[in-house]
Amino acid sequence: MDREARLRRALLTRGAAWPAPLEWHPKLGSTNDVLKARARGGSPEWAAVLADTQTGGRGREGRAWTSPPGGLYLSVLLRPRFEEVGFVPLAAGVAVAEVAGEYGVEARVKWPNDVLVGGAKLAGVLTESSSSSRGVDWVVVGVGVNVAVDQTSLGPLAETATSLHLEADRTPAVEEVAAGVLARLSVWYDALEGRPSRVVDAWRACAIPWWGRPVEVHTAQGVLRGTLRDVDETGALLVDREEGGVQRVLSGEVRRLRPTGSDSRDT
Ligand code: BTN
């Protein structure tokens with residue numbers, strides 16, 4: 001049975017008869033880039049592109065996403081008919097953390113959707129979208145999960161990365177993890193329409209509890225220092241600035257500030 005058929009079967013096991021095309025490639029540049037082209041060509045909602053490896057995997061904030069064999073590299077297409085699009089990245093982080101939980105792994109989400117275990121990165125999500133005068137045309141949700149990646153193939157990133165293989169009760173098949181992420185994302189996506197607070201509550205429940213702690217947020221506009229307050233009703237991060245006032249952050253990288261000499265892991 002090929003990978004697509006195994007994925008469809010794993011989805012059915014979870015009660016999800018997948019409504020759209022699933023493509024699984026041995027190697028791609030970036031699954032997000034391929035799916036973005038499919039989106040422009042009219043692919044339906046929930047179409048997904050997966051690859052065993054990526055040669056040009058992309059991460060958030062312009063970073064690369066090292067994509068050796070043994071990882072899940074999945075992109076899925078959404079065509080939201082509702083306003084609450086800003087919550088999709090949070091919903092994706094929750095979905096991945098929940099799937100890790102199914103294998104006995106206590107994963108936490110760092111805003112907006114880094115998935116960490118004991119401070120080491122297990123998974124990341126890159127959400128990209130296109131809008132027109134009609135509103136949002138499409139959203140591509142790209143998910144990378146270190147399922148059974150050989151740590152040595154990650155180079156220097158290995159120090160700050162982990163995998164399901166290292167953390168879980170058992171090493172799941174990549175298709176099984178893919179099915180879990182797709183199925184849980186579809187549940188949270190349905191919940192978003194009209195009820196985004198459910199997603200925000202679920203996100204808070206699995207977020208790293210840094211509330212009230214000093215942080216540094218690296219954004220395209222510069223570095224912001226302050227205390228982490230909350231996420232607001234649109235999914236944006238709220239930071240009490242050192243110099244006073246509350247700043248809403250739509251995109252950036254949060255780092256906890258610690259007294260010098262303390263452990264540097266993000267727990
Ligand atoms: C991050 O944490 O910086 C986000 C990483 C997202 C990686 C995934 S792998 C599948 C999809 N295709 C890409 O090129 N990137 C995303």
# chains A, B, ... in the order shown; residues from 1 in each chain; ligands from 1
call {"tool": "residues_near_ligand", "arguments": {"ligand": "ligand 1", "cutoff": "10 Å", "atoms": "only C-alpha atoms and all ligand atoms", "output": "VMD selection string"}}
result
chain A and resid 28 to 35 49 to 51 53 to 67 71 to 76 112 to 115 121 to 128 140 to 146 253
call {"tool": "residues_around", "arguments": {"residues": "region 44-47 of chain A", "least_positions_apart": "5", "cutoff": "9 Å", "atoms": "only C-alpha atoms", "output": "list of chain:residue names"}}
result
A:Trp18, A:Pro19, A:Ala20, A:Pro21, A:Leu22, A:Glu23, A:Leu35, A:Arg38, A:Ala39, A:Ser75, A:Val76, A:Leu77, A:Leu78, A:Arg79, A:Pro80, A:Trp138, A:Leu182, A:Ser186
call {"tool": "closest_atom_pairs", "arguments": {"of": "region 115-213 of chain A", "to": "region 8-13 of chain A", "cutoff": "8 Å", "atoms": "only C-alpha atoms", "output": "Markdown table"}}
result
| residue | atom | partner | partner_atom | distance |
| --- | --- | --- | --- | --- |
| A:Glu175 | CA | A:Ala10 | CA | 7.0 |
| A:Glu176 | CA | A:Ala10 | CA | 5.9 |
| A:Ala179 | CA | A:Leu11 | CA | 5.0 |
| A:Gly180 | CA | A:Leu11 | CA | 7.5 |
| A:Ala183 | CA | A:Leu11 | CA | 7.0 |
call {"tool": "residues_around", "arguments": {"residues": "Cys206 (chain A)", "least_positions_apart": "4", "cutoff": "7 Å", "atoms": "only C-alpha atoms", "output": "VMD selection string"}}
result
chain A and resid 108 to 109 202
call {"tool": "write_last_selection", "arguments": {"atoms": "N, CA and C atoms", "output": "PDB file, in the first residue's frame"}}
result
ATOM      1  N   ARG A 108       4.263  21.249  25.026  1.00  0.00           N
ATOM      2  CA  ARG A 108       3.715  22.583  25.325  1.00  0.00           C
ATOM      3  C   ARG A 108       3.892  23.479  24.108  1.00  0.00           C
ATOM      4  N   VAL A 109       3.024  24.465  23.988  1.00  0.00           N
ATOM      5  CA  VAL A 109       3.086  25.360  22.845  1.00  0.00           C
ATOM      6  C   VAL A 109       3.675  26.689  23.283  1.00  0.00           C
ATOM      7  N   ALA A 202      -8.145  26.275  24.718  1.00  0.00           N
ATOM      8  CA  ALA A 202      -7.359  25.042  24.535  1.00  0.00           C
ATOM      9  C   ALA A 202      -5.882  25.394  24.370  1.00  0.00           C
TER      10      ALA A 202
END
call {"tool": "closest_residue", "arguments": {"among": "A:Glu4, A:Glu83, A:Glu216, A:Glu98", "to": "Val187 (chain A)", "atoms": "only C-alpha atoms"}}
result
A:Glu98
call {"tool": "residues_around", "arguments": {"residues": "region 233-238 of chain A", "least_positions_apart": "4", "cutoff": "10 Å", "atoms": "only C-alpha atoms", "output": "VMD selection string"}}
result
chain A and resid 83 to 91 111 to 112 196 to 197 199 to 200 203 217 226 to 229 246 to 252 254
call {"tool": "select_by_dssp", "arguments": {"residues": "region 51-131 of chain A", "states": "strand (DSSP E or B)", "output": "ChimeraX atom specification"}}
result
/A:51-54,58,64,71-78,108-110,114-117,120-131
call {"tool": "atom_distance", "arguments": {"atom1": "CA of Val177 (chain A)", "atom2": "CA of Val147 (chain A)"}}
result
7.9 Å
call {"tool": "closest_residue", "arguments": {"among": "A:Asp169, A:Glu159, A:Asp52, A:Asp230", "to": "Ala100 (chain A)", "atoms": "only C-alpha atoms"}}
result
A:Asp169
call {"tool": "closest_residue", "arguments": {"among": "A:Gly244, A:Arg170, A:Asp232, A:Ala95", "to": "Trp188 (chain A)", "atoms": "only C-alpha atoms"}}
result
A:Ala95
call {"tool": "closest_residue", "arguments": {"among": "A:Ser131, A:Ala178, A:Arg81, A:Arg225", "to": "Glu193 (chain A)", "atoms": "only C-alpha atoms"}}
result
A:Arg81
call {"tool": "atom_distance", "arguments": {"atom1": "CA of Gly212 (chain A)", "atom2": "CA of Gly194 (chain A)"}}
result
29.3 Å
